[in-house]
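The next block is model.pdb, given as PDB, C-alpha atoms.
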```pdb
ATOM      1  CA  MET V1141      28.314-194.953 -99.776  1.00  0.00           C
ATOM      2  CA  MET V1142      30.390-192.083-101.193  1.00  0.00           C
ATOM      3  CA  ASN V1143      27.668-191.111-103.679  1.00  0.00           C
ATOM      4  CA  GLU V1144      24.915-191.260-101.083  1.00  0.00           C
ATOM      5  CA  LEU V1145      25.972-188.476 -98.701  1.00  0.00           C
ATOM      6  CA  ASP V1146      22.719-186.668 -99.381  1.00  0.00           C
ATOM      7  CA  GLU V1147      19.912-185.170 -97.308  1.00  0.00           C
ATOM      8  CA  LYS V1148      18.413-188.614 -96.642  1.00  0.00           C
ATOM      9  CA  PHE V1149      21.749-189.950 -95.391  1.00  0.00           C
ATOM     10  CA  TRP V1150      22.320-187.045 -92.993  1.00  0.00           C
ATOM     11  CA  SER V1151      18.715-186.946 -91.766  1.00  0.00           C
ATOM     12  CA  GLY V1152      19.026-190.649 -90.982  1.00  0.00           C
ATOM     13  CA  ARG V1153      22.184-190.062 -88.966  1.00  0.00           C
ATOM     14  CA  TYR V1154      20.387-187.488 -86.803  1.00  0.00           C
ATOM     15  CA  LEU V1155      17.168-189.477 -86.462  1.00  0.00           C
ATOM     16  CA  ASN V1156      19.093-192.614 -85.494  1.00  0.00           C
ATOM     17  CA  GLU V1157      21.474-190.623 -83.276  1.00  0.00           C
ATOM     18  CA  THR V1158      24.522-191.986 -85.078  1.00  0.00           C
ATOM     19  CA  THR V1159      26.341-188.672 -84.819  1.00  0.00           C
ATOM     20  CA  GLY V1160      29.613-189.596 -83.183  1.00  0.00           C
ATOM     21  CA  TRP V1161      31.208-186.304 -84.202  1.00  0.00           C
ATOM     22  CA  ASP V1162      28.639-184.382 -82.123  1.00  0.00           C
ATOM     23  CA  ILE V1163      30.335-183.398 -78.858  1.00  0.00           C
ATOM     24  CA  GLY V1164      27.302-181.595 -77.428  1.00  0.00           C
ATOM     25  CA  TYR V1165      28.878-178.146 -77.032  1.00  0.00           C
ATOM     26  CA  ALA V1166      30.983-175.592 -78.906  1.00  0.00           C
ATOM     27  CA  SER V1167      34.439-177.052 -79.524  1.00  0.00           C
ATOM     28  CA  THR V1168      37.117-175.470 -77.366  1.00  0.00           C
ATOM     29  CA  PRO V1169      39.332-174.087 -80.182  1.00  0.00           C
ATOM     30  CA  LEU V1170      36.381-172.319 -81.820  1.00  0.00           C
ATOM     31  CA  LYS V1171      34.957-171.126 -78.511  1.00  0.00           C
ATOM     32  CA  GLU V1172      38.293-169.572 -77.579  1.00  0.00           C
ATOM     33  CA  TYR V1173      38.584-167.993 -81.031  1.00  0.00           C
ATOM     34  CA  ILE V1174      35.057-166.551 -80.724  1.00  0.00           C
ATOM     35  CA  ASP V1175      35.957-165.168 -77.301  1.00  0.00           C
ATOM     36  CA  GLN V1176      38.631-163.017 -78.978  1.00  0.00           C
ATOM     37  CA  LEU V1177      36.219-161.445 -81.474  1.00  0.00           C
ATOM     38  CA  GLU V1178      35.247-157.897 -80.582  1.00  0.00           C
ATOM     39  CA  ASP V1179      33.004-156.910 -83.524  1.00  0.00           C
ATOM     40  CA  LYS V1180      29.560-158.316 -82.737  1.00  0.00           C
ATOM     41  CA  SER V1181      28.220-157.092 -86.091  1.00  0.00           C
ATOM     42  CA  LEU V1182      30.259-159.586 -88.141  1.00  0.00           C
ATOM     43  CA  GLN V1183      28.318-161.501 -90.781  1.00  0.00           C
ATOM     44  CA  ILE V1184      29.105-165.109 -89.822  1.00  0.00           C
ATOM     45  CA  LEU V1185      28.287-168.342 -91.670  1.00  0.00           C
ATOM     46  CA  ILE V1186      28.467-171.858 -90.270  1.00  0.00           C
ATOM     47  CA  PRO V1187      27.978-174.344 -93.131  1.00  0.00           C
ATOM     48  CA  GLY V1188      27.159-178.005 -92.605  1.00  0.00           C
ATOM     49  CA  ALA V1189      26.729-176.941 -89.021  1.00  0.00           C
ATOM     50  CA  GLY V1190      25.016-180.002 -87.632  1.00  0.00           C
ATOM     51  CA  ASN V1191      23.549-179.153 -84.232  1.00  0.00           C
ATOM     52  CA  ALA V1192      25.399-175.835 -84.436  1.00  0.00           C
ATOM     53  CA  TYR V1193      26.631-175.432 -80.875  1.00  0.00           C
ATOM     54  CA  GLU V1194      29.012-172.755 -82.174  1.00  0.00           C
ATOM     55  CA  ALA V1195      26.027-170.815 -83.558  1.00  0.00           C
ATOM     56  CA  GLU V1196      24.300-171.123 -80.189  1.00  0.00           C
ATOM     57  CA  TYR V1197      27.434-169.890 -78.415  1.00  0.00           C
ATOM     58  CA  LEU V1198      27.779-166.951 -80.805  1.00  0.00           C
ATOM     59  CA  TRP V1199      24.117-166.005 -80.418  1.00  0.00           C
ATOM     60  CA  ASN V1200      24.247-166.166 -76.640  1.00  0.00           C
ATOM     61  CA  ASN V1201      27.323-163.921 -76.692  1.00  0.00           C
ATOM     62  CA  GLY V1202      25.730-161.127 -78.710  1.00  0.00           C
ATOM     63  CA  PHE V1203      26.548-162.092 -82.305  1.00  0.00           C
ATOM     64  CA  LYS V1204      23.199-161.722 -84.085  1.00  0.00           C
ATOM     65  CA  ASN V1205      24.296-161.903 -87.743  1.00  0.00           C
ATOM     66  CA  VAL V1206      24.860-165.667 -87.687  1.00  0.00           C
ATOM     67  CA  THR V1207      23.616-167.842 -90.543  1.00  0.00           C
ATOM     68  CA  VAL V1208      23.504-171.628 -90.300  1.00  0.00           C
ATOM     69  CA  VAL V1209      23.292-173.790 -93.424  1.00  0.00           C
ATOM     70  CA  ASP V1210      22.698-177.532 -93.370  1.00  0.00           C
ATOM     71  CA  LEU V1211      21.428-180.122 -95.834  1.00  0.00           C
ATOM     72  CA  ALA V1212      19.266-181.799 -93.183  1.00  0.00           C
ATOM     73  CA  ALA V1213      16.340-180.213 -91.347  1.00  0.00           C
ATOM     74  CA  GLU V1214      16.826-182.096 -88.065  1.00  0.00           C
ATOM     75  CA  PRO V1215      19.881-180.236 -86.738  1.00  0.00           C
ATOM     76  CA  LEU V1216      18.377-176.873 -87.686  1.00  0.00           C
ATOM     77  CA  ASN V1217      15.239-177.800 -85.760  1.00  0.00           C
ATOM     78  CA  ASN V1218      17.380-178.924 -82.820  1.00  0.00           C
ATOM     79  CA  LEU V1219      19.063-175.513 -82.698  1.00  0.00           C
ATOM     80  CA  LYS V1220      15.695-173.749 -82.839  1.00  0.00           C
ATOM     81  CA  VAL V1221      14.470-175.823 -79.887  1.00  0.00           C
ATOM     82  CA  ARG V1222      17.574-174.961 -77.839  1.00  0.00           C
ATOM     83  CA  VAL V1223      17.552-171.275 -78.868  1.00  0.00           C
ATOM     84  CA  PRO V1224      13.919-170.307 -79.549  1.00  0.00           C
ATOM     85  CA  ASP V1225      14.766-166.674 -80.364  1.00  0.00           C
ATOM     86  CA  PHE V1226      17.283-167.625 -83.065  1.00  0.00           C
ATOM     87  CA  PRO V1227      15.739-166.168 -86.263  1.00  0.00           C
ATOM     88  CA  THR V1228      14.196-168.850 -88.457  1.00  0.00           C
ATOM     89  CA  GLU V1229      15.307-166.975 -91.592  1.00  0.00           C
ATOM     90  CA  GLN V1230      18.931-167.445 -90.474  1.00  0.00           C
ATOM     91  CA  LEU V1231      18.486-171.229 -90.363  1.00  0.00           C
ATOM     92  CA  ILE V1232      18.886-172.299 -93.970  1.00  0.00           C
ATOM     93  CA  LYS V1233      18.141-175.815 -95.180  1.00  0.00           C
ATOM     94  CA  ALA V1234      20.159-175.880 -98.375  1.00  0.00           C
ATOM     95  CA  ASP V1235      23.018-177.401-100.308  1.00  0.00           C
ATOM     96  CA  PHE V1236      26.125-175.461 -99.307  1.00  0.00           C
ATOM     97  CA  PHE V1237      27.427-175.613-102.869  1.00  0.00           C
ATOM     98  CA  ALA V1238      24.331-173.824-104.194  1.00  0.00           C
ATOM     99  CA  TYR V1239      24.117-171.267-101.388  1.00  0.00           C
ATOM    100  CA  GLN V1240      24.980-167.611-102.028  1.00  0.00           C
ATOM    101  CA  GLY V1241      25.925-164.812 -99.672  1.00  0.00           C
ATOM    102  CA  ALA V1242      28.759-162.578 -98.468  1.00  0.00           C
ATOM    103  CA  PHE V1243      30.349-163.140 -95.073  1.00  0.00           C
ATOM    104  CA  ASP V1244      33.091-161.674 -92.902  1.00  0.00           C
ATOM    105  CA  LEU V1245      33.747-164.988 -91.184  1.00  0.00           C
ATOM    106  CA  ILE V1246      32.995-168.623 -91.993  1.00  0.00           C
ATOM    107  CA  LEU V1247      33.494-171.200 -89.254  1.00  0.00           C
ATOM    108  CA  GLU V1248      34.523-174.730 -90.215  1.00  0.00           C
ATOM    109  CA  GLN V1249      33.663-177.441 -87.722  1.00  0.00           C
ATOM    110  CA  THR V1250      33.425-181.069 -88.979  1.00  0.00           C
ATOM    111  CA  PHE V1251      31.798-180.009 -92.283  1.00  0.00           C
ATOM    112  CA  PHE V1252      34.885-180.436 -94.481  1.00  0.00           C
ATOM    113  CA  CYS V1253      35.458-183.951 -93.128  1.00  0.00           C
ATOM    114  CA  ALA V1254      31.821-184.903 -93.828  1.00  0.00           C
ATOM    115  CA  LEU V1255      32.097-184.184 -97.551  1.00  0.00           C
ATOM    116  CA  ASN V1256      33.146-186.664-100.193  1.00  0.00           C
ATOM    117  CA  PRO V1257      36.853-185.803-100.630  1.00  0.00           C
ATOM    118  CA  ALA V1258      36.246-185.402-104.364  1.00  0.00           C
ATOM    119  CA  LEU V1259      34.321-182.233-103.463  1.00  0.00           C
ATOM    120  CA  ARG V1260      37.228-180.545-101.714  1.00  0.00           C
ATOM    121  CA  PRO V1261      38.291-178.386-104.699  1.00  0.00           C
ATOM    122  CA  ALA V1262      34.652-177.268-105.055  1.00  0.00           C
ATOM    123  CA  TYR V1263      34.594-176.498-101.309  1.00  0.00           C
ATOM    124  CA  VAL V1264      37.578-174.172-101.753  1.00  0.00           C
ATOM    125  CA  GLN V1265      35.913-172.363-104.664  1.00  0.00           C
ATOM    126  CA  GLN V1266      32.610-172.020-102.822  1.00  0.00           C
ATOM    127  CA  MET V1267      34.362-170.603 -99.763  1.00  0.00           C
ATOM    128  CA  LEU V1268      36.059-168.040-102.004  1.00  0.00           C
ATOM    129  CA  GLY V1269      32.674-167.081-103.404  1.00  0.00           C
ATOM    130  CA  LEU V1270      31.059-166.704 -99.981  1.00  0.00           C
ATOM    131  CA  LEU V1271      33.772-164.680 -98.255  1.00  0.00           C
ATOM    132  CA  LYS V1272      34.063-160.926 -98.488  1.00  0.00           C
ATOM    133  CA  PRO V1273      37.459-159.739 -99.806  1.00  0.00           C
ATOM    134  CA  ARG V1274      38.918-159.431 -96.300  1.00  0.00           C
ATOM    135  CA  GLY V1275      36.868-162.278 -94.864  1.00  0.00           C
ATOM    136  CA  ARG V1276      38.247-165.285 -93.018  1.00  0.00           C
ATOM    137  CA  LEU V1277      37.728-169.024 -93.028  1.00  0.00           C
ATOM    138  CA  VAL V1278      38.499-170.259 -89.518  1.00  0.00           C
ATOM    139  CA  GLY V1279      38.119-173.691 -88.001  1.00  0.00           C
ATOM    140  CA  LEU V1280      39.402-177.208 -87.580  1.00  0.00           C
ATOM    141  CA  LEU V1281      40.505-179.909 -90.010  1.00  0.00           C
ATOM    142  CA  PHE V1282      41.425-183.465 -89.078  1.00  0.00           C
ATOM    143  CA  ASN V1283      45.136-184.179 -89.496  1.00  0.00           C
ATOM    144  CA  ILE V1284      44.779-187.981 -89.607  1.00  0.00           C
ATOM    145  CA  PRO V1285      43.753-190.432 -92.359  1.00  0.00           C
ATOM    146  CA  LEU V1286      40.375-191.597 -90.889  1.00  0.00           C
ATOM    147  CA  ASN V1287      37.890-193.341 -93.236  1.00  0.00           C
ATOM    148  CA  GLU V1288      38.034-194.008 -96.965  1.00  0.00           C
ATOM    149  CA  ASN V1289      34.406-194.858 -97.745  1.00  0.00           C
ATOM    150  CA  GLU V1290      32.275-192.956 -95.217  1.00  0.00           C
ATOM    151  CA  PRO V1291      32.533-189.801 -93.141  1.00  0.00           C
ATOM    152  CA  PRO V1292      34.425-188.529 -91.323  1.00  0.00           C
ATOM    153  CA  PHE V1293      37.158-188.286 -93.933  1.00  0.00           C
ATOM    154  CA  GLY V1294      40.593-187.171 -92.807  1.00  0.00           C
ATOM    155  CA  GLY V1295      43.634-185.736 -94.487  1.00  0.00           C
ATOM    156  CA  SER V1296      46.990-184.117 -93.868  1.00  0.00           C
ATOM    157  CA  LYS V1297      48.515-180.686 -93.550  1.00  0.00           C
ATOM    158  CA  ASP V1298      50.422-181.188 -96.816  1.00  0.00           C
ATOM    159  CA  GLU V1299      47.200-182.023 -98.647  1.00  0.00           C
ATOM    160  CA  TYR V1300      45.385-179.018 -97.216  1.00  0.00           C
ATOM    161  CA  GLU V1301      48.234-176.632 -98.034  1.00  0.00           C
ATOM    162  CA  THR V1302      48.206-177.851-101.639  1.00  0.00           C
ATOM    163  CA  LEU V1303      44.435-177.453-101.771  1.00  0.00           C
ATOM    164  CA  PHE V1304      44.097-173.993-100.231  1.00  0.00           C
ATOM    165  CA  ASN V1305      47.383-172.231-101.001  1.00  0.00           C
ATOM    166  CA  PRO V1306      46.584-171.241-104.622  1.00  0.00           C
ATOM    167  CA  TYR V1307      43.543-169.279-103.456  1.00  0.00           C
ATOM    168  CA  PHE V1308      44.035-168.402 -99.786  1.00  0.00           C
ATOM    169  CA  ASP V1309      46.717-166.801 -97.688  1.00  0.00           C
ATOM    170  CA  ILE V1310      47.347-169.307 -94.914  1.00  0.00           C
ATOM    171  CA  GLU V1311      47.617-167.191 -91.791  1.00  0.00           C
ATOM    172  CA  THR V1312      47.492-170.233 -89.506  1.00  0.00           C
ATOM    173  CA  MET V1313      47.491-173.973 -90.148  1.00  0.00           C
ATOM    174  CA  GLU V1314      48.919-175.731 -87.140  1.00  0.00           C
ATOM    175  CA  GLU V1315      48.077-178.378 -84.600  1.00  0.00           C
ATOM    176  CA  ALA V1316      45.356-177.120 -82.293  1.00  0.00           C
ATOM    177  CA  TYR V1317      46.768-176.795 -78.771  1.00  0.00           C
ATOM    178  CA  ASN V1318      43.319-176.742 -77.171  1.00  0.00           C
ATOM    179  CA  SER V1319      41.471-179.623 -78.859  1.00  0.00           C
ATOM    180  CA  ILE V1320      39.031-181.638 -76.790  1.00  0.00           C
ATOM    181  CA  PRO V1321      40.901-184.653 -75.303  1.00  0.00           C
ATOM    182  CA  PRO V1322      39.614-187.316 -77.777  1.00  0.00           C
ATOM    183  CA  ARG V1323      40.892-185.196 -80.693  1.00  0.00           C
ATOM    184  CA  ALA V1324      44.144-183.983 -79.140  1.00  0.00           C
ATOM    185  CA  GLY V1325      46.985-184.076 -81.657  1.00  0.00           C
ATOM    186  CA  ASN V1326      44.610-184.902 -84.517  1.00  0.00           C
ATOM    187  CA  GLU V1327      43.277-181.453 -85.446  1.00  0.00           C
ATOM    188  CA  LEU V1328      44.706-178.500 -87.308  1.00  0.00           C
ATOM    189  CA  PHE V1329      43.455-175.027 -86.453  1.00  0.00           C
ATOM    190  CA  ILE V1330      43.151-172.986 -89.650  1.00  0.00           C
ATOM    191  CA  LYS V1331      42.799-169.279 -90.315  1.00  0.00           C
ATOM    192  CA  LEU V1332      42.660-168.470 -94.028  1.00  0.00           C
ATOM    193  CA  THR V1333      41.980-165.289 -96.019  1.00  0.00           C
ATOM    194  CA  PRO V1334      41.290-165.082 -99.762  1.00  0.00           C
ATOM    195  CA  LYS V1335      44.281-163.935-101.797  1.00  0.00           C
ATOM    196  CA  SER V1336      43.861-160.357-103.003  1.00  0.00           C
ATOM    197  CA  GLU V1337      43.506-161.393-106.660  1.00  0.00           C
ATOM    198  CA  PHE V1338      40.347-163.312-105.785  1.00  0.00           C
TER     199      PHE V1338
END
```
Structure re-expressed in structure tokens:
Amino acid sequence: MMNELDEKFWSGRYLNETTGWDIGYASTPLKEYIDQLEDKSLQILIPGAGNAYEAEYLWNNGFKNVTVVDLAAEPLNNLKVRVPDFPTEQLIKADFFAYQGAFDLILEQTFFCALNPALRPAYVQQMLGLLKPRGRLVGLLFNIPLNENEPPFGGSKDEYETLFNPYFDIETMEEAYNSIPPRAGNELFIKLTPKSEF
């Protein structure tokens, strides 16, 4: 299973509607973070976005420089159906690890936990490469063990600190106080900025 988390796997999950992580709306912690953003011109990336409710929320609130990247076509198409005026060129079907760009803000919502844990160091490096020098990686990480052989994969605050701290200044990494009820106490809200030397 671990080696098969490819486009076919994810397309199958959407086609068969086995997407238990999909809550059907922008998650409360990210929605409330977005509500605090004043600069509508920010270049924002949502990788592994799934049905991208956060992208929809951003778009409907005046943020027009939003790029969504996903390995599977189905969730990108789903977003386009819900938000017909969302620019097609900002819906990118691609491998996150091969994608290039420069962003002020990257939102993390259930993408990290969908990746084979062996890819986590590569995730950190790719995030460094995609963020502008004063950019931010903001989002949610599961703070529970979860599965070992299929997504979602969990982890712990200690693990994440060890992973990110060499490359990012950890502005915030704490239990989310406003998680949706099924995830209460199991999510960390993160706000990370690349260290100046990177």
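The two atoms in question, CA of Pro1322 in chain V and CA of Phe1293 in chain V, are spaced 16.4 Å apart.
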Dump as a PyMOL selection string all residues having an atom at most 10 Å from (28.2, -164.7, -100.4), computed in the file's coordinates with only C-alpha atoms.
-> chain V and resi 1185+1239-1244+1266-1272
Return as a ChimeraX atom specification the set of residues that the PyMOL selection byres ((chain V and resi 1237) around 8) yields on the displayed structure.
-> /V:1235-1236,1238-1239,1262-1263,1266
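A straight line drawn from CA of Lys1220 in chain V to CA of Leu1245 in chain V is 21.7 Å long.
Nearest residue to Pro1257 in chain V, choosing from V:Arg1222, V:Tyr1300, V:Ala1234, V:Arg1276 and counting all atoms listed in the file: V:Tyr1300.
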Using the chain letters and residue numbers of this document, give as a PyMOL selection string the residues selected by the PyMOL selection byres ((chain V and resi 1251) around 12).
-> chain V and resi 1150+1161-1162+1186-1192+1208-1211+1236+1246-1250+1252-1257+1259-1260+1263+1279-1282+1291-1294
Specify as a PyMOL selection string each residue included when the PyMOL selection byres ((chain V and resi 1318) around 7) is applied to this file.
-> chain V and resi 1168-1169+1316-1317+1319-1320
Find, counting only C-alpha atoms, the residue in V:Ile1174, V:Leu1231, V:Tyr1165, V:Lys1331 that gets nearest to Phe1203 in chain V.
-> V:Ile1174
What does the distance between CA of Leu1303 in chain V and CA of Glu1290 in chain V come to in Å, to one decimal place?
-> 20.8 Å
